[in-house]
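S.K.: Sharing data_2.txt below, compact mmCIF, C-alpha atoms and all ligand atoms:
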```
# COMPACT_ATOMS: atom_id res chain seq x y z
CA MET A 1 -33.52 -64.30 57.16
CA VAL A 2 -34.23 -60.84 55.82
CA THR A 3 -37.37 -58.75 55.61
CA ALA A 4 -37.65 -57.26 52.14
CA GLY A 5 -39.81 -54.56 50.65
CA VAL A 6 -40.48 -54.99 46.93
CA LEU A 7 -41.21 -52.01 44.69
CA ILE A 8 -42.99 -52.70 41.42
CA SER A 9 -44.71 -50.93 38.55
CA GLY A 10 -45.77 -53.69 36.19
CA SER A 11 -46.31 -57.38 35.72
CA GLY A 12 -44.23 -58.41 38.71
CA THR A 13 -42.82 -61.67 37.40
CA ASN A 14 -39.63 -61.09 39.39
CA LEU A 15 -41.77 -60.58 42.49
CA GLN A 16 -43.49 -63.86 41.61
CA ALA A 17 -40.17 -65.67 41.31
CA ILE A 18 -39.22 -64.40 44.77
CA LEU A 19 -42.60 -65.40 46.22
CA ASP A 20 -42.28 -68.87 44.66
CA ARG A 21 -38.83 -69.37 46.19
CA ILE A 22 -40.10 -68.27 49.59
CA ALA A 23 -43.05 -70.67 49.30
CA ALA A 24 -40.69 -73.47 48.31
CA GLY A 25 -38.55 -72.76 51.38
CA THR A 26 -35.45 -72.00 49.33
CA LEU A 27 -35.22 -68.29 50.07
CA ASP A 28 -34.71 -67.02 53.61
CA CYS A 29 -36.76 -63.93 53.08
CA ARG A 30 -40.01 -62.54 54.29
CA ILE A 31 -41.75 -59.88 52.24
CA GLY A 32 -42.85 -57.16 54.64
CA LEU A 33 -44.50 -55.01 51.99
CA VAL A 34 -45.03 -54.72 48.24
CA ILE A 35 -45.46 -51.17 46.98
CA ALA A 36 -46.70 -50.36 43.48
CA ASN A 37 -46.71 -46.87 42.05
CA ARG A 38 -49.37 -47.79 39.47
CA ALA A 39 -52.82 -49.24 40.07
CA THR A 40 -52.38 -51.28 36.89
CA ALA A 41 -49.40 -53.19 38.30
CA ALA A 42 -50.37 -56.85 38.02
CA GLY A 43 -47.81 -57.58 40.70
CA LEU A 44 -50.23 -56.20 43.28
CA GLU A 45 -52.54 -59.11 42.58
CA ARG A 46 -49.62 -61.51 42.88
CA ALA A 47 -48.89 -60.09 46.32
CA ARG A 48 -52.55 -60.38 47.35
CA ARG A 49 -52.69 -63.97 46.20
CA ALA A 50 -49.61 -64.79 48.25
CA GLY A 51 -51.09 -63.07 51.29
CA VAL A 52 -48.32 -60.48 51.35
CA PRO A 53 -49.04 -56.93 52.59
CA ASN A 54 -49.30 -54.64 49.60
CA ARG A 55 -50.01 -51.06 48.91
CA LEU A 56 -50.59 -48.70 46.02
CA LEU A 57 -48.62 -45.48 46.42
CA ASP A 58 -49.30 -43.43 43.31
CA HIS A 59 -46.37 -41.14 42.56
CA ARG A 60 -48.70 -38.65 40.88
CA ALA A 61 -50.07 -37.69 44.29
CA PHE A 62 -46.67 -36.23 45.27
CA ALA A 63 -45.15 -32.93 44.17
CA THR A 64 -41.55 -34.16 43.99
CA ARG A 65 -39.61 -37.40 43.68
CA GLU A 66 -38.20 -36.76 47.14
CA ALA A 67 -41.67 -36.38 48.68
CA TYR A 68 -42.71 -39.64 47.05
CA ASP A 69 -39.61 -41.44 48.31
CA ALA A 70 -40.21 -40.10 51.83
CA ALA A 71 -43.66 -41.71 51.80
CA VAL A 72 -42.14 -44.94 50.48
CA VAL A 73 -39.51 -44.91 53.22
CA GLU A 74 -42.12 -44.37 55.90
CA ALA A 75 -44.20 -47.30 54.65
CA LEU A 76 -41.17 -49.58 54.33
CA ARG A 77 -39.92 -48.71 57.81
CA ALA A 78 -43.36 -49.29 59.32
CA ALA A 79 -43.28 -52.76 57.73
CA GLY A 80 -39.88 -53.53 59.29
CA VAL A 81 -38.14 -53.69 55.92
CA GLU A 82 -34.35 -54.19 55.92
CA LEU A 83 -33.75 -54.68 52.20
CA VAL A 84 -35.42 -52.78 49.37
CA VAL A 85 -35.86 -54.77 46.16
CA LEU A 86 -36.65 -52.80 43.00
CA ALA A 87 -38.37 -55.24 40.67
CA GLY A 88 -39.50 -53.52 37.52
CA PHE A 89 -40.03 -50.24 39.38
CA ASP A 90 -40.13 -47.52 36.74
CA ARG A 91 -39.29 -44.51 38.94
CA LEU A 92 -35.86 -43.05 39.53
CA VAL A 93 -35.14 -43.26 43.23
CA THR A 94 -33.62 -40.35 45.12
CA ARG A 95 -31.12 -40.03 47.92
CA VAL A 96 -34.08 -39.89 50.31
CA LEU A 97 -34.61 -43.62 49.78
CA LEU A 98 -30.91 -44.43 49.43
CA ALA A 99 -29.98 -42.61 52.65
CA ALA A 100 -32.73 -44.43 54.55
CA PHE A 101 -31.46 -47.83 53.34
CA PRO A 102 -27.72 -47.37 52.73
CA GLY A 103 -26.26 -50.29 50.79
CA ARG A 104 -29.61 -52.00 51.10
CA VAL A 105 -31.38 -51.17 47.84
CA MET A 106 -31.09 -53.66 44.98
CA ASN A 107 -32.19 -53.45 41.36
CA ILE A 108 -32.30 -55.83 38.42
CA HIS A 109 -31.54 -54.67 34.90
CA PRO A 110 -32.08 -56.75 31.74
CA ALA A 111 -28.59 -56.25 30.32
CA LEU A 112 -24.97 -56.94 31.13
CA LEU A 113 -24.13 -53.62 32.75
CA PRO A 114 -22.45 -51.28 32.11
CA ALA A 115 -23.77 -51.91 28.60
CA PHE A 116 -27.26 -50.85 27.66
CA LYS A 117 -28.41 -48.84 30.62
CA GLY A 118 -31.86 -47.31 30.68
CA LEU A 119 -35.00 -48.25 28.85
CA HIS A 120 -35.39 -51.00 26.24
CA ALA A 121 -32.09 -52.64 27.12
CA GLN A 122 -32.93 -55.78 25.15
CA ARG A 123 -33.73 -53.71 22.05
CA GLN A 124 -30.46 -51.79 22.48
CA ALA A 125 -28.51 -55.05 22.77
CA LEU A 126 -30.10 -56.53 19.67
CA ALA A 127 -29.59 -53.35 17.67
CA TYR A 128 -25.94 -53.25 18.71
CA GLY A 129 -25.42 -56.79 17.47
CA VAL A 130 -24.06 -58.36 20.65
CA ARG A 131 -23.54 -62.13 20.73
CA ILE A 132 -23.97 -62.35 24.50
CA ALA A 133 -26.76 -60.70 26.48
CA GLY A 134 -27.90 -61.06 30.05
CA ALA A 135 -29.08 -59.52 33.28
CA THR A 136 -27.48 -57.76 36.23
CA VAL A 137 -28.45 -57.50 39.88
CA HIS A 138 -26.75 -54.52 41.49
CA PHE A 139 -26.89 -52.30 44.51
CA VAL A 140 -28.44 -48.96 43.69
CA ASP A 141 -26.56 -45.69 43.89
CA GLU A 142 -27.47 -42.22 42.73
CA GLU A 143 -26.70 -42.92 39.09
CA THR A 144 -29.11 -44.95 37.00
CA ASP A 145 -28.12 -48.61 36.45
CA HIS A 146 -24.71 -47.91 37.90
CA GLY A 147 -24.19 -49.25 41.45
CA PRO A 148 -21.89 -52.14 42.45
CA ILE A 149 -22.71 -55.40 40.71
CA ILE A 150 -23.88 -58.34 42.81
CA LEU A 151 -24.61 -61.01 40.20
CA GLN A 152 -24.78 -61.28 36.44
CA GLY A 153 -26.05 -64.00 34.17
CA ALA A 154 -25.54 -64.36 30.45
CA ILE A 155 -27.20 -65.99 27.49
CA VAL A 156 -26.14 -66.42 23.90
CA VAL A 157 -28.01 -64.29 21.40
CA GLY A 158 -29.27 -66.40 18.50
CA SER A 159 -29.49 -65.11 14.96
CA ASP A 160 -33.23 -65.71 15.10
CA ASP A 161 -33.73 -63.81 18.37
CA THR A 162 -36.21 -60.95 18.28
CA GLU A 163 -36.65 -58.33 20.95
CA GLU A 164 -39.50 -60.43 22.35
CA THR A 165 -37.65 -63.76 22.47
CA LEU A 166 -34.57 -62.10 23.93
CA ALA A 167 -36.63 -60.31 26.57
CA ARG A 168 -38.36 -63.58 27.49
CA ARG A 169 -35.08 -65.48 27.79
CA ILE A 170 -33.45 -62.72 29.82
CA LEU A 171 -36.48 -62.57 32.10
CA ALA A 172 -36.17 -66.31 32.81
CA LEU A 173 -32.57 -65.63 33.80
CA GLU A 174 -33.65 -62.75 36.03
CA HIS A 175 -35.98 -65.11 37.87
CA GLU A 176 -32.94 -67.18 38.86
CA LEU A 177 -30.60 -64.30 39.58
CA TYR A 178 -32.76 -62.11 41.79
CA PRO A 179 -33.68 -64.73 44.40
CA ALA A 180 -30.04 -65.85 44.42
CA ALA A 181 -28.84 -62.31 45.15
CA ILE A 182 -31.44 -61.85 47.88
CA GLN A 183 -30.41 -65.16 49.42
CA LEU A 184 -26.78 -63.99 49.55
CA PHE A 185 -27.94 -60.81 51.26
CA ALA A 186 -30.08 -62.82 53.69
CA GLU A 187 -27.02 -64.90 54.56
CA ARG A 188 -25.13 -61.64 55.23
CA ARG A 189 -22.53 -62.65 52.66
CA LEU A 190 -22.44 -59.42 50.66
CA THR A 191 -20.04 -56.58 51.41
CA ILE A 192 -19.76 -53.46 49.31
CA ASP A 193 -16.16 -52.41 48.74
CA GLY A 194 -16.13 -49.41 46.42
CA ARG A 195 -17.35 -50.61 43.05
CA HIS A 196 -16.98 -54.22 44.12
CA VAL A 197 -19.35 -56.48 45.95
CA ARG A 198 -17.46 -59.13 47.89
CA ILE A 199 -19.29 -62.42 48.32
CA ALA A 200 -18.18 -64.36 51.41
CA CYS A 201 -17.31 -68.02 50.76
CA GLU A 202 -17.84 -67.65 47.05
CA ARG A 203 -17.42 -70.85 45.10
CA PRO A 204 -14.65 -70.68 42.52
CA THR A 205 -16.08 -70.13 39.06
CA SER A 206 -14.96 -72.59 36.50
CA SER A 207 -17.50 -72.10 33.78
CA ARG A 208 -16.81 -70.44 30.50
CA LEU A 209 -19.75 -69.27 28.50
CA LEU A 210 -19.29 -70.70 25.03
CA PRO A 211 -21.87 -70.21 22.36
CA GLU A 212 -23.08 -73.29 20.47
CA TRP A 213 -22.11 -72.37 16.95
C1 LIG B 301 -37.42 -56.78 34.16
O1 LIG B 301 -36.94 -57.04 32.88
C2 LIG B 301 -36.40 -56.00 34.96
O2 LIG B 301 -35.09 -56.32 34.61
C3 LIG B 301 -36.70 -54.59 34.57
O3 LIG B 301 -38.09 -54.53 34.47
C4 LIG B 301 -38.61 -55.82 34.17
C5 LIG B 301 -39.60 -56.16 35.23
O4 LIG B 301 -40.32 -57.31 34.94
N1 LIG B 301 -36.12 -53.68 35.52
P1 LIG B 301 -41.37 -57.88 36.00
O5 LIG B 301 -42.32 -56.73 36.38
O6 LIG B 301 -40.62 -58.38 37.18
O7 LIG B 301 -42.10 -58.95 35.26
```
Rewrite the structure from the file as structure tokens, please.
Ligand code: GRF
M.R.:
Amino acid sequence: MVTAGVLISGSGTNLQAILDRIAAGTLDCRIGLVIANRATAAGLERARRAGVPNRLLDHRAFATREAYDAAVVEALRAAGVELVVLAGFDRLVTRVLLAAFPGRVMNIHPALLPAFKGLHAQRQALAYGVRIAGATVHFVDEETDHGPIILQGAIVVGSDDTEETLARRILALEHELYPAAIQLFAERRLTIDGRHVRIACERPTSSRLLPEW
């Protein structure tokens, strides 16, 4: 079991996927607090509906990123949070947050890192002409979309895919990957070893991802 704090900015569908897994009893996680930096974040309503403590902490009320992160850390600590889950959180986090939760901040990115970091990853992937796209759950370090990779999932890009269809299909994949990564953390099976994340008792992978031509 792990107590997580989830940081959001927008629709919060990843938060919803986590809440759904918890409700179904398939994720050993308790959400101690959801923090949104924008009042418009629909994820706040998702948290309310699930009866999860939630809070709006508007970054514009703080002079620096560090001051904002210090307030976030204080709120997360007060809620007993052990693992910080960035789920569509559109702020760069600083070492203030990372030092408070060393090796305990996760993020999800809608691309197969290290390709297509930053904004509009799905658009970048499509424009580049990749045949395979996907999503990455990683631990967060001080560089954007860079920390050690926990899990990745891939999908085949179809010739008829648009940015919207690709984003939708990747998001569906994210909803599987993020709870899975949190479950591994909850089971204390993840160890960071440099750039690598070791997964204890990992099942051998046999699958090859082959496109259907
Ligand atoms: C996801 O695509 C995630 O990978 C990215 O932001 C999006 C958040 O979606 N970091 P949601 O708010 O969870 O619906």
S.K.: Restricting the calculation to all atoms listed in the file, which member of A:Glu143, A:Asp58, A:Asp193, A:Asp90 is positioned closest to ligand LIG 301 (chain B)?
M.R.: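 Nearest candidate to ligand LIG 301 (chain B) out of A:Glu143, A:Asp58, A:Asp193, A:Asp90: A:Asp90.
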S.K.: Extract, using all atoms listed in the file, all DNA, RNA and protein residues at most 8 Å from A:Ser9, discarding same-chain residues fewer than 3 positions from it, and format them as a VMD selection string.
M.R.: chain A and resid 12 36 to 38 40 to 41 43 87 to 90
S.K.: For A:Leu27, list every protein, DNA or RNA residue within 7 Å, evaluated using only C-alpha atoms, and leave out those in the same chain fewer than 3 positions away; present the list as a ChimeraX atom specification.
M.R.: /A:21-22,179,183
S.K.: Pick from A:Ile192, A:Ala67, A:Ala111, A:Ser11: nearest to A:Ala47, with all atoms listed in the file counted?
M.R.: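 Looking only at the distances to A:Ala47, the closest residue turns out to be A:Ser11.
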S.K.: List as a PyMOL selection string the protein and nucleic acid residues near stretch 106-110 of chain A, meaning an atom at most 9 Å away when all atoms listed in the file are counted, but skip any in the same chain fewer than 6 places from it.
M.R.: chain A and resi 83-89+116-118+120-122+133-140+145+147+150+167+170-171+174+177-178+181-182
S.K.: Filtering to N, CA and C atoms, could stretch 125-145 of chain A of the supplied structure be written out as a PDB file, in the first residue's frame?
M.R.:
```pdb
ATOM      1  N   ALA A 125       5.274  13.326 -32.998  1.00  0.00           N
ATOM      2  CA  ALA A 125       5.458  11.945 -33.481  1.00  0.00           C
ATOM      3  C   ALA A 125       4.855  11.779 -34.872  1.00  0.00           C
ATOM      4  N   LEU A 126       3.660  12.324 -35.030  1.00  0.00           N
ATOM      5  CA  LEU A 126       2.973  12.222 -36.323  1.00  0.00           C
ATOM      6  C   LEU A 126       3.757  12.961 -37.404  1.00  0.00           C
ATOM      7  N   ALA A 127       4.216  14.147 -37.065  1.00  0.00           N
ATOM      8  CA  ALA A 127       4.955  14.963 -38.036  1.00  0.00           C
ATOM      9  C   ALA A 127       6.264  14.286 -38.431  1.00  0.00           C
ATOM     10  N   TYR A 128       6.836  13.540 -37.489  1.00  0.00           N
ATOM     11  CA  TYR A 128       8.115  12.881 -37.762  1.00  0.00           C
ATOM     12  C   TYR A 128       7.939  11.649 -38.637  1.00  0.00           C
ATOM     13  N   GLY A 129       6.700  11.122 -38.622  1.00  0.00           N
ATOM     14  CA  GLY A 129       6.418   9.956 -39.460  1.00  0.00           C
ATOM     15  C   GLY A 129       6.724   8.627 -38.809  1.00  0.00           C
ATOM     16  N   VAL A 130       6.690   8.563 -37.479  1.00  0.00           N
ATOM     17  CA  VAL A 130       7.006   7.291 -36.820  1.00  0.00           C
ATOM     18  C   VAL A 130       5.908   6.261 -37.087  1.00  0.00           C
ATOM     19  N   ARG A 131       6.276   5.001 -37.073  1.00  0.00           N
ATOM     20  CA  ARG A 131       5.314   3.906 -37.253  1.00  0.00           C
ATOM     21  C   ARG A 131       4.812   3.395 -35.915  1.00  0.00           C
ATOM     22  N   ILE A 132       5.607   3.626 -34.863  1.00  0.00           N
ATOM     23  CA  ILE A 132       5.260   3.180 -33.521  1.00  0.00           C
ATOM     24  C   ILE A 132       5.247   4.410 -32.607  1.00  0.00           C
ATOM     25  N   ALA A 133       4.190   4.531 -31.826  1.00  0.00           N
ATOM     26  CA  ALA A 133       4.130   5.621 -30.845  1.00  0.00           C
ATOM     27  C   ALA A 133       3.824   4.988 -29.492  1.00  0.00           C
ATOM     28  N   GLY A 134       3.691   5.809 -28.467  1.00  0.00           N
ATOM     29  CA  GLY A 134       3.388   5.202 -27.177  1.00  0.00           C
ATOM     30  C   GLY A 134       3.452   6.175 -26.030  1.00  0.00           C
ATOM     31  N   ALA A 135       3.624   5.626 -24.841  1.00  0.00           N
ATOM     32  CA  ALA A 135       3.645   6.436 -23.629  1.00  0.00           C
ATOM     33  C   ALA A 135       4.714   5.890 -22.698  1.00  0.00           C
ATOM     34  N   THR A 136       5.198   6.774 -21.822  1.00  0.00           N
ATOM     35  CA  THR A 136       6.284   6.424 -20.899  1.00  0.00           C
ATOM     36  C   THR A 136       5.939   6.888 -19.492  1.00  0.00           C
ATOM     37  N   VAL A 137       6.089   5.994 -18.525  1.00  0.00           N
ATOM     38  CA  VAL A 137       6.042   6.407 -17.116  1.00  0.00           C
ATOM     39  C   VAL A 137       7.482   6.404 -16.625  1.00  0.00           C
ATOM     40  N   HIS A 138       7.896   7.509 -16.029  1.00  0.00           N
ATOM     41  CA  HIS A 138       9.292   7.605 -15.581  1.00  0.00           C
ATOM     42  C   HIS A 138       9.377   8.334 -14.253  1.00  0.00           C
ATOM     43  N   PHE A 139      10.480   8.082 -13.561  1.00  0.00           N
ATOM     44  CA  PHE A 139      10.766   8.888 -12.383  1.00  0.00           C
ATOM     45  C   PHE A 139      11.244  10.250 -12.871  1.00  0.00           C
ATOM     46  N   VAL A 140      10.956  11.262 -12.086  1.00  0.00           N
ATOM     47  CA  VAL A 140      11.276  12.624 -12.498  1.00  0.00           C
ATOM     48  C   VAL A 140      12.631  13.034 -11.944  1.00  0.00           C
ATOM     49  N   ASP A 141      13.451  13.614 -12.813  1.00  0.00           N
ATOM     50  CA  ASP A 141      14.682  14.249 -12.334  1.00  0.00           C
ATOM     51  C   ASP A 141      14.646  15.709 -12.759  1.00  0.00           C
ATOM     52  N   GLU A 142      15.792  16.371 -12.682  1.00  0.00           N
ATOM     53  CA  GLU A 142      15.752  17.822 -12.898  1.00  0.00           C
ATOM     54  C   GLU A 142      15.631  18.227 -14.360  1.00  0.00           C
ATOM     55  N   GLU A 143      15.760  17.260 -15.266  1.00  0.00           N
ATOM     56  CA  GLU A 143      15.584  17.581 -16.680  1.00  0.00           C
ATOM     57  C   GLU A 143      14.188  17.156 -17.118  1.00  0.00           C
ATOM     58  N   THR A 144      13.596  17.926 -17.980  1.00  0.00           N
ATOM     59  CA  THR A 144      12.233  17.636 -18.432  1.00  0.00           C
ATOM     60  C   THR A 144      12.158  16.323 -19.217  1.00  0.00           C
ATOM     61  N   ASP A 145      11.202  15.480 -18.853  1.00  0.00           N
ATOM     62  CA  ASP A 145      10.931  14.221 -19.559  1.00  0.00           C
ATOM     63  C   ASP A 145      12.200  13.381 -19.728  1.00  0.00           C
TER      64      ASP A 145
END
```
